[in-house]
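This is protein_25.cif. It holds mmCIF, C-alpha atoms.
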data_coords
loop_
_atom_site.label_atom_id
_atom_site.label_comp_id
_atom_site.auth_asym_id
_atom_site.auth_seq_id
_atom_site.Cartn_x
_atom_site.Cartn_y
_atom_site.Cartn_z
CA MET A 1 105.36 53.46 120.72
CA MET A 2 106.26 56.67 119.05
CA ASP A 3 109.45 55.32 117.53
CA SER A 4 107.76 52.19 116.30
CA HIS A 5 105.17 54.38 114.64
CA ALA A 6 107.87 56.35 112.93
CA SER A 7 109.69 53.30 111.67
CA MET A 8 106.52 51.85 110.22
CA THR A 9 105.78 54.73 107.92
CA ASN A 10 106.30 54.93 104.19
CA LEU A 11 106.88 51.29 103.56
CA PRO A 12 106.88 50.14 99.97
CA ASP A 13 103.44 49.72 98.48
CA SER A 14 103.68 45.95 98.63
CA ALA A 15 104.22 46.08 102.36
CA GLU A 16 101.45 48.55 102.98
CA GLY A 17 98.76 47.11 105.15
CA GLN A 18 100.77 43.94 105.86
CA ALA A 19 103.04 45.33 108.50
CA HIS A 20 101.50 45.65 111.91
CA ALA A 21 102.29 47.92 114.80
CA PRO A 22 102.68 46.63 118.34
CA HIS A 23 98.99 46.55 118.99
CA GLY A 24 98.47 43.96 116.27
CA GLU A 25 95.04 44.46 114.79
CA GLU A 26 94.77 47.96 116.25
CA GLU A 27 97.45 49.73 114.23
CA HIS A 28 98.82 49.29 110.72
CA ALA A 29 101.50 50.92 108.62
CA HIS A 30 100.79 54.46 107.51
CA PRO A 31 100.29 55.13 103.79
CA THR A 32 103.22 55.69 101.46
CA TRP A 33 104.21 58.99 99.85
CA SER A 34 102.59 57.86 96.59
CA THR A 35 99.34 57.20 98.46
CA TYR A 36 99.39 60.75 99.82
CA TRP A 37 99.81 62.17 96.30
CA LYS A 38 97.01 59.98 94.96
CA VAL A 39 94.71 61.11 97.79
CA ALA A 40 95.51 64.76 96.99
CA LEU A 41 94.66 64.11 93.32
CA ILE A 42 91.34 62.49 94.26
CA LEU A 43 90.46 65.38 96.60
CA THR A 44 91.26 67.89 93.86
CA LEU A 45 89.17 66.03 91.29
CA ILE A 46 86.20 65.84 93.67
CA THR A 47 86.47 69.59 94.38
CA VAL A 48 86.62 70.35 90.64
CA GLY A 49 83.51 68.17 90.19
CA GLU A 50 81.68 70.04 92.95
CA VAL A 51 82.45 73.47 91.50
CA TRP A 52 81.64 72.24 87.99
CA ALA A 53 78.24 71.00 89.21
CA TYR A 54 77.60 74.43 90.75
CA TYR A 55 77.80 76.01 87.28
CA ILE A 56 75.30 73.65 85.60
CA PRO A 57 71.92 75.42 86.04
CA SER A 58 69.81 72.40 85.09
CA PHE A 59 71.63 70.25 87.65
CA VAL A 60 71.40 72.93 90.35
CA ALA A 61 67.65 73.18 89.76
CA GLY A 62 67.22 69.40 89.96
CA ARG A 63 66.62 67.28 93.02
CA GLY A 64 70.00 65.57 92.84
CA PHE A 65 72.13 68.68 93.36
CA VAL A 66 72.08 68.96 97.16
CA PRO A 67 72.39 65.20 97.88
CA THR A 68 75.26 64.96 95.37
CA LEU A 69 77.18 67.83 96.96
CA LEU A 70 76.56 66.49 100.46
CA PHE A 71 77.80 63.06 99.38
CA LEU A 72 80.93 64.47 97.73
CA SER A 73 81.65 66.62 100.79
CA ALA A 74 81.24 63.63 103.11
CA LEU A 75 83.50 61.60 100.82
CA LYS A 76 86.25 64.25 100.97
CA PHE A 77 85.83 64.53 104.75
CA THR A 78 86.18 60.76 105.15
CA ILE A 79 89.19 60.52 102.84
CA VAL A 80 91.10 63.24 104.72
CA VAL A 81 90.23 61.77 108.12
CA MET A 82 91.10 58.21 107.09
CA PHE A 83 94.29 58.81 105.11
CA TYR A 84 95.76 62.17 106.17
CA MET A 85 94.71 61.97 109.83
CA HIS A 86 95.58 58.23 109.76
CA LEU A 87 92.39 57.27 111.56
CA LYS A 88 92.18 54.18 109.36
CA TYR A 89 95.56 53.06 110.66
CA ASP A 90 95.51 54.32 114.24
CA HIS A 91 94.20 52.94 117.49
CA ARG A 92 90.47 52.32 117.86
CA LEU A 93 90.25 54.72 120.80
CA PHE A 94 91.05 57.65 118.50
CA ARG A 95 88.16 56.66 116.24
CA VAL A 96 85.84 56.65 119.25
CA LEU A 97 87.14 60.03 120.44
CA PHE A 98 86.47 61.53 117.02
CA THR A 99 83.34 59.80 115.76
CA GLY A 100 81.54 59.93 119.14
CA PRO A 101 81.39 63.73 119.41
CA LEU A 102 80.90 63.99 115.63
CA LEU A 103 77.86 61.72 115.85
CA ILE A 104 76.39 63.68 118.78
CA ALA A 105 77.03 66.95 116.97
CA SER A 106 75.47 65.66 113.73
CA LEU A 107 72.36 64.45 115.54
CA THR A 108 72.11 67.83 117.29
CA LEU A 109 72.37 69.55 113.89
CA LEU A 110 69.57 67.39 112.47
CA ALA A 111 67.42 68.00 115.56
CA LEU A 112 67.91 71.77 115.32
CA LEU A 113 67.10 71.79 111.60
CA PHE A 114 63.96 69.78 112.35
CA LEU A 115 62.97 72.09 115.23
CA PHE A 116 63.40 75.19 113.09
CA GLY A 117 61.39 73.73 110.23
CA HIS A 118 64.12 73.19 107.65
CA LEU A 119 63.89 69.39 107.51
CA PHE A 120 60.09 69.49 107.73
CA ILE A 121 59.95 71.57 104.59
CA LYS A 122 62.23 69.15 102.77
CA ILE A 123 60.21 66.09 103.84
CA MET A 124 56.90 67.62 102.77
CA MET B 1 108.85 47.24 119.01
CA PRO B 2 106.52 46.03 121.76
CA ALA B 3 104.61 48.70 123.59
CA SER B 4 106.31 47.78 126.86
CA VAL B 5 109.74 48.40 125.34
CA ALA B 6 108.52 51.73 124.02
CA HIS B 7 107.52 52.61 127.56
CA THR B 8 110.96 52.02 128.96
CA SER B 9 112.80 53.66 126.10
CA ALA B 10 110.62 56.76 126.07
CA PRO B 11 111.74 59.85 127.93
CA ALA B 12 110.39 60.04 131.45
CA SER B 13 108.49 63.24 130.64
CA HIS B 14 106.19 61.39 128.23
CA HIS B 15 102.97 60.06 129.72
CA TYR B 16 101.18 57.02 128.43
CA THR B 17 97.68 55.79 129.03
CA THR B 18 96.99 52.24 130.20
CA LEU B 19 96.46 51.35 126.53
CA GLY B 20 100.05 52.30 125.78
CA LEU B 21 98.99 55.39 123.85
CA ASP B 22 100.72 58.71 124.31
CA SER B 23 98.43 60.89 126.39
CA ARG B 24 99.20 63.93 124.21
CA LYS B 25 97.77 62.16 121.18
CA VAL B 26 94.71 61.07 123.13
CA ALA B 27 94.33 64.70 124.25
CA ILE B 28 94.51 66.12 120.72
CA TRP B 29 91.86 63.66 119.51
CA ALA B 30 89.62 64.59 122.47
CA PHE B 31 90.22 68.25 121.65
CA ILE B 32 89.34 67.66 117.98
CA GLY B 33 86.15 65.90 119.10
CA SER B 34 85.17 68.94 121.17
CA GLU B 35 86.04 71.24 118.26
CA CYS B 36 83.66 69.22 116.08
CA MET B 37 80.88 70.20 118.46
CA LEU B 38 81.90 73.87 118.36
CA PHE B 39 81.89 74.02 114.57
CA VAL B 40 78.68 72.02 114.20
CA SER B 41 76.99 74.55 116.51
CA LEU B 42 78.22 77.40 114.29
CA ILE B 43 77.20 75.54 111.12
CA SER B 44 73.78 74.81 112.66
CA THR B 45 73.32 78.50 113.39
CA TYR B 46 74.23 79.39 109.81
CA LEU B 47 71.83 76.80 108.36
CA ILE B 48 68.96 77.79 110.66
CA TYR B 49 69.32 81.46 109.64
CA LYS B 50 69.84 80.61 105.97
CA GLY B 51 67.24 82.33 103.79
CA ARG B 52 65.77 84.30 106.73
CA SER B 53 67.57 87.60 106.19
CA VAL B 54 65.13 90.46 105.71
CA VAL B 55 67.58 92.73 103.91
CA GLY B 56 70.45 91.99 101.51
CA PRO B 57 73.05 91.50 100.28
CA PHE B 58 72.30 87.79 99.93
CA PRO B 59 74.75 84.96 99.26
CA HIS B 60 73.36 83.60 95.99
CA GLU B 61 70.63 86.02 94.90
CA SER B 62 70.57 89.63 93.71
CA TRP B 63 68.77 92.18 95.91
CA THR B 64 67.50 95.69 95.24
CA ASP B 65 67.50 98.08 98.18
CA PRO B 66 63.94 99.60 98.18
CA ALA B 67 65.19 102.81 99.82
CA THR B 68 68.01 103.61 97.41
CA GLY B 69 67.23 101.43 94.41
CA HIS B 70 70.78 100.12 94.52
CA VAL B 71 71.11 96.59 93.12
CA PHE B 72 73.34 94.24 95.12
CA LYS B 73 74.82 91.29 93.23
CA PRO B 74 75.08 87.81 94.82
CA ILE B 75 77.85 88.32 97.33
CA LEU B 76 79.69 84.99 97.28
CA ASN B 77 82.67 84.73 94.94
CA ILE B 78 82.84 81.03 94.07
CA PRO B 79 85.98 81.13 91.84
CA VAL B 80 88.04 82.84 94.55
CA THR B 81 86.77 80.51 97.27
CA SER B 82 87.39 77.46 95.06
CA ALA B 83 91.00 78.60 94.68
CA SER B 84 91.39 79.05 98.44
CA THR B 85 89.82 75.62 99.01
CA PHE B 86 92.34 74.07 96.63
CA VAL B 87 95.19 75.81 98.50
CA LEU B 88 93.96 74.46 101.84
CA LEU B 89 93.60 70.93 100.42
CA MET B 90 97.17 71.11 99.13
CA SER B 91 98.34 72.34 102.53
CA SER B 92 97.08 69.06 103.99
CA LEU B 93 99.20 67.18 101.47
CA PHE B 94 102.25 69.27 102.43
CA MET B 95 101.55 68.57 106.10
CA VAL B 96 101.50 64.78 105.71
CA LEU B 97 104.69 65.03 103.66
CA ALA B 98 106.26 67.08 106.49
CA LEU B 99 105.22 64.42 109.01
CA ALA B 100 106.58 61.62 106.82
CA ALA B 101 109.84 63.55 106.37
CA VAL B 102 110.28 63.94 110.14
CA GLN B 103 109.40 60.30 110.79
CA ASN B 104 111.97 59.15 108.23
CA LYS B 105 114.65 61.68 109.12
CA GLU B 106 117.25 59.07 110.03
CA LYS B 107 116.70 56.92 106.93
CA PRO B 108 119.38 57.24 104.23
CA LYS B 109 118.39 59.34 101.20
CA HIS B 110 119.95 58.03 98.01
CA THR B 111 118.23 60.04 95.30
CA ARG B 112 117.39 63.71 94.83
CA GLY B 113 113.71 62.82 95.09
CA ASP B 114 114.33 61.15 98.46
CA ARG B 115 116.13 64.25 99.69
CA ILE B 116 113.26 66.53 98.59
CA LEU B 117 110.61 64.28 100.12
CA GLY B 118 112.70 63.94 103.28
CA ASN B 119 113.14 67.69 103.73
CA SER B 120 110.87 68.49 106.67
CA ARG B 121 111.66 72.23 106.56
CA LEU B 122 110.54 72.45 102.93
CA TRP B 123 107.17 70.83 103.64
CA LEU B 124 106.60 72.76 106.87
CA TRP B 125 107.32 75.99 104.99
CA MET B 126 104.99 74.94 102.16
CA THR B 127 102.21 74.18 104.65
CA ALA B 128 102.67 77.50 106.46
CA ILE B 129 102.73 79.42 103.17
CA ALA B 130 99.60 77.62 101.95
CA GLY B 131 97.86 78.41 105.25
CA THR B 132 98.88 82.06 105.01
CA THR B 133 97.68 82.17 101.39
CA PHE B 134 94.31 80.82 102.51
CA LEU B 135 94.14 83.55 105.15
CA GLY B 136 95.00 86.10 102.45
CA PHE B 137 92.07 84.85 100.35
CA GLN B 138 89.83 85.14 103.40
CA ALA B 139 91.02 88.69 104.14
CA PHE B 140 90.34 89.60 100.50
CA GLU B 141 86.87 88.06 100.70
CA PHE B 142 85.96 89.79 103.97
CA THR B 143 87.24 93.15 102.69
CA SER B 144 85.32 92.89 99.43
CA PHE B 145 82.14 91.92 101.32
CA VAL B 146 82.42 94.99 103.53
CA HIS B 147 82.98 97.18 100.47
CA GLU B 148 79.89 95.64 98.85
CA GLY B 149 77.79 96.44 101.92
CA LEU B 150 77.80 93.22 103.95
CA THR B 151 79.11 93.43 107.51
CA ILE B 152 78.54 91.28 110.57
CA ARG B 153 75.68 93.66 111.54
CA THR B 154 73.93 93.91 108.17
CA ASN B 155 71.66 90.86 108.34
CA LEU B 156 71.35 87.30 109.66
CA PHE B 157 73.44 85.98 106.79
CA GLY B 158 76.26 88.43 107.55
CA SER B 159 76.21 87.64 111.28
CA SER B 160 76.26 83.86 110.89
CA PHE B 161 78.65 83.90 107.89
CA PHE B 162 81.32 86.11 109.47
CA THR B 163 81.08 84.23 112.79
CA LEU B 164 81.46 80.82 111.16
CA THR B 165 84.20 81.65 108.66
CA GLY B 166 85.89 84.02 111.15
CA PHE B 167 86.17 81.24 113.73
CA HIS B 168 87.59 78.97 111.06
CA GLY B 169 90.08 81.65 110.00
CA ALA B 170 91.15 82.06 113.64
CA HIS B 171 91.82 78.32 113.78
CA VAL B 172 93.89 78.50 110.58
CA THR B 173 95.85 81.40 112.11
CA ALA B 174 96.55 79.32 115.22
CA GLY B 175 97.66 76.48 112.95
CA VAL B 176 100.08 78.72 111.05
CA ILE B 177 101.57 79.96 114.35
CA TRP B 178 101.95 76.33 115.45
CA LEU B 179 103.73 75.51 112.17
CA VAL B 180 106.08 78.46 112.63
CA THR B 181 107.02 77.19 116.11
CA LEU B 182 107.77 73.76 114.60
CA LEU B 183 109.95 75.46 111.99
CA ALA B 184 111.75 77.37 114.73
CA ILE B 185 112.46 74.08 116.54
CA ASP B 186 113.63 72.54 113.26
CA TYR B 187 116.07 75.39 112.61
CA ARG B 188 117.25 75.49 116.21
CA ARG B 189 118.03 71.84 116.85
CA GLY B 190 116.53 69.88 113.95
CA LEU B 191 113.38 67.78 114.08
CA GLY B 192 114.15 64.07 114.19
CA SER B 193 112.05 60.94 114.27
CA LYS B 194 111.95 61.26 118.08
CA ASP B 195 109.92 64.44 117.53
CA SER B 196 107.45 62.82 115.18
CA LEU B 197 104.66 62.95 117.75
CA LEU B 198 105.04 66.73 118.03
CA VAL B 199 104.55 67.04 114.28
CA ASP B 200 101.84 64.36 114.27
CA ILE B 201 99.75 66.32 116.78
CA SER B 202 100.08 69.57 114.86
CA ALA B 203 99.27 67.69 111.63
CA LEU B 204 96.07 66.31 113.18
CA TYR B 205 95.01 69.84 114.10
CA TRP B 206 95.84 71.11 110.62
CA HIS B 207 93.89 68.35 108.88
CA PHE B 208 90.95 68.98 111.19
CA VAL B 209 90.92 72.63 110.10
CA ASP B 210 90.95 71.35 106.51
CA VAL B 211 88.01 68.96 106.96
CA ILE B 212 85.97 71.69 108.62
CA TRP B 213 86.57 73.87 105.56
CA ILE B 214 85.47 71.00 103.30
CA VAL B 215 82.10 71.07 105.07
CA ILE B 216 81.86 74.89 105.13
CA PHE B 217 82.71 75.15 101.43
CA THR B 218 79.86 72.84 100.48
CA LEU B 219 77.21 74.05 102.93
CA VAL B 220 77.89 77.79 102.75
CA TYR B 221 79.28 78.41 99.28
CA LEU B 222 77.97 75.72 96.93
CA ILE B 223 74.50 74.80 98.17
CA LYS B 224 72.11 77.57 97.21
#
Hey, can you dump this file as structure tokens for me?
Amino acid sequence: MMDSHASMTNLPDSAEGQAHAPHGEEEHAHPTWSTYWKVALILTLITVGEVWAYYIPSFVAGRGFVPTLLFLSALKFTIVVMFYMHLKYDHRLFRVLFTGPLLIASLTLLALLFLFGHLFIKIM
Amino acid sequence: MPASVAHTSAPASHHYTTLGLDSRKVAIWAFIGSECMLFVSLISTYLIYKGRSVVGPFPHESWTDPATGHVFKPILNIPVTSASTFVLLMSSLFMVLALAAVQNKEKPKHTRGDRILGNSRLWLWMTAIAGTTFLGFQAFEFTSFVHEGLTIRTNLFGSSFFTLTGFHGAHVTAGVIWLVTLLAIDYRRGLGSKDSLLVDISALYWHFVDVIWIVIFTLVYLIK
């Protein structure tokens, strides 16, 4: 299992996504080195965009500022989890082990914000 | 290689679940899931207390102390934190390159580029240095906050901020120590593709620390 994983990594771009690990539909080849660099570039550009937005007073004062930053943050989170943590390519059980607690925690966060009046203020 | 073959060829000390997955990898994902809950509880506390501090300094607004007349500037230093965020993002890149280098250790390297990309020690060192640099930024930030009058006991913002970012810093510290142990193994006997799961598990932890910072950076530093 472990060795097969190792041998499947860093295939040429053309082979990426075509090669399958022992579990068939469950596991796929990991990304290539070039994919890792591209992901790093995308993450950097998103971070630059976030900080840039922070320094535009008219945008900060507008309604779109917070949703935009939350979306960009969620995008970066997803990219790292999918490509660097290989959740996109790994077994489904790992996705369940990660997204299950994350979902519970997120719902708890929303419930607490609602209970303490933060979400209520936003809705009104 | 079929999973059943992997079972027989694996060392006897390795344990596999009935799904054919290494139990150590299942364990690290379960641990990361529980860590999500820990950090969401800390983030929740920060958000609930946000804007409810009676006295300053405040994160994004100036504050004048009525007793002394001293004016406190907004305490958060976005340029410094942006730089530390960039360093931590790059450390994740170095970590995946370290993992790829270990996984492909036995593959022949024909070009200089292949040798650089296949140098696990280089990438493990780079990751550890980036992690230490991030911790340096955090130490600088904490020290400057204390000098500017914000401690963990000053107000609700200080309490929740230092607790949240302090816990994250402790996790980064643990990650750096983990990386140093991997480097020690690499220097002692060399990390090969048979050790890729060891590096994979540490990489998962490191990336988790990175994604938590992605959330903290947005919620604490950028959203006013």
(request) Determine, counting all atoms listed in the file, which protein, DNA and RNA residues have an atom within 10 Å of an atom of B:Asn155; residues of the same chain fewer than 3 positions away are not included. Present the result as a ChimeraX atom specification. (result) /B:49,52-58,150-152,158-161
(message) Please enumerate the residues selected by the PyMOL selection byres ((chain B and resi 68-75) around 10) when evaluated against the supplied file, formatted as number ranges by chain.
(response) B: 56-67, 76-78, 141, 144-145, 148-150
Can you write out as a tab-separated table which residues of stretch 128-179 of chain B fall within 7 Å of stretch 206-219 of chain B, alongside each residue's closest atom pair and its distance in Å to one decimal, counting all atoms listed in the file and ordering rows by chain and ascending residue number?
residue	atom	partner	partner_atom	distance
B:His171	CA	B:Val209	CA	6.8
B:Val172	CA	B:Val209	CA	6.6
B:Gly175	CA	B:Trp206	CA	6.1
(request) Name the residues captured by the PyMOL selection byres ((chain A and resi 81-91) around 8) when it is applied to the shown file; answer as a VMD selection string. (result) (chain A and resid 26 to 31 36 39 77 to 80 92 to 95) or (chain B and resid 92 to 93 96 203 to 204 207 to 208 211)
(request) Just give me the gap between atom CA of B:Ile32 and atom CA of B:Val199 in Å, one decimal is fine. (result)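 Separation of atom CA of B:Ile32 and atom CA of B:Val199: 15.7 Å.
Closest approach to A:Leu109 among B:His15, B:Ile43, B:Ile129, B:Leu38 is made by B:Ile43 (distances from all atoms listed in the file).
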(request) When you get a sec, could you note down which chain B residues fall within 7 Å of chain A, using only C-alpha atoms, as JSON, numbers by chain? (result) {"B": [1, 2, 3, 6, 26, 29, 30, 32, 33, 34, 36, 37, 40, 44, 48, 86, 90, 93, 96, 103, 104, 193, 194, 196, 197, 204, 207, 211, 214, 215, 218, 222, 223]}
May I have the residues from that selection written out with C-alpha atoms, as a compact mmCIF listing (two decimals), keeping the file's coordinate frame?
# COMPACT_ATOMS: atom_id res chain seq x y z
CA MET B 1 108.85 47.24 119.01
CA PRO B 2 106.52 46.03 121.76
CA ALA B 3 104.61 48.70 123.59
CA ALA B 6 108.52 51.73 124.02
CA VAL B 26 94.71 61.07 123.13
CA TRP B 29 91.86 63.66 119.51
CA ALA B 30 89.62 64.59 122.47
CA ILE B 32 89.34 67.66 117.98
CA GLY B 33 86.15 65.90 119.10
CA SER B 34 85.17 68.94 121.17
CA CYS B 36 83.66 69.22 116.08
CA MET B 37 80.88 70.20 118.46
CA VAL B 40 78.68 72.02 114.20
CA SER B 44 73.78 74.81 112.66
CA ILE B 48 68.96 77.79 110.66
CA PHE B 86 92.34 74.07 96.63
CA MET B 90 97.17 71.11 99.13
CA LEU B 93 99.20 67.18 101.47
CA VAL B 96 101.50 64.78 105.71
CA GLN B 103 109.40 60.30 110.79
CA ASN B 104 111.97 59.15 108.23
CA SER B 193 112.05 60.94 114.27
CA LYS B 194 111.95 61.26 118.08
CA SER B 196 107.45 62.82 115.18
CA LEU B 197 104.66 62.95 117.75
CA LEU B 204 96.07 66.31 113.18
CA HIS B 207 93.89 68.35 108.88
CA VAL B 211 88.01 68.96 106.96
CA ILE B 214 85.47 71.00 103.30
CA VAL B 215 82.10 71.07 105.07
CA THR B 218 79.86 72.84 100.48
CA LEU B 222 77.97 75.72 96.93
CA ILE B 223 74.50 74.80 98.17
(message) As an exercise, work out the distance from atom CA of B:Phe134 to atom CA of B:Ala83 in Å and give it to one decimal place.
(response)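 Atom-to-atom, atom CA of B:Phe134 to atom CA of B:Ala83, that is 8.8 Å.
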(message) Restricting the calculation to all atoms listed in the file: of B:Ile116, B:Ala139, B:Ala170, B:Leu99, which residue gets closest to B:Leu182?
(response)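 Ranked by minimum distance to B:Leu182, first place goes to B:Leu99.
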(request) For atom CA of B:Phe140 and atom CA of B:Ala184, determine how far apart the two atoms are, in Å to one decimal place. (result) 28.5 Å
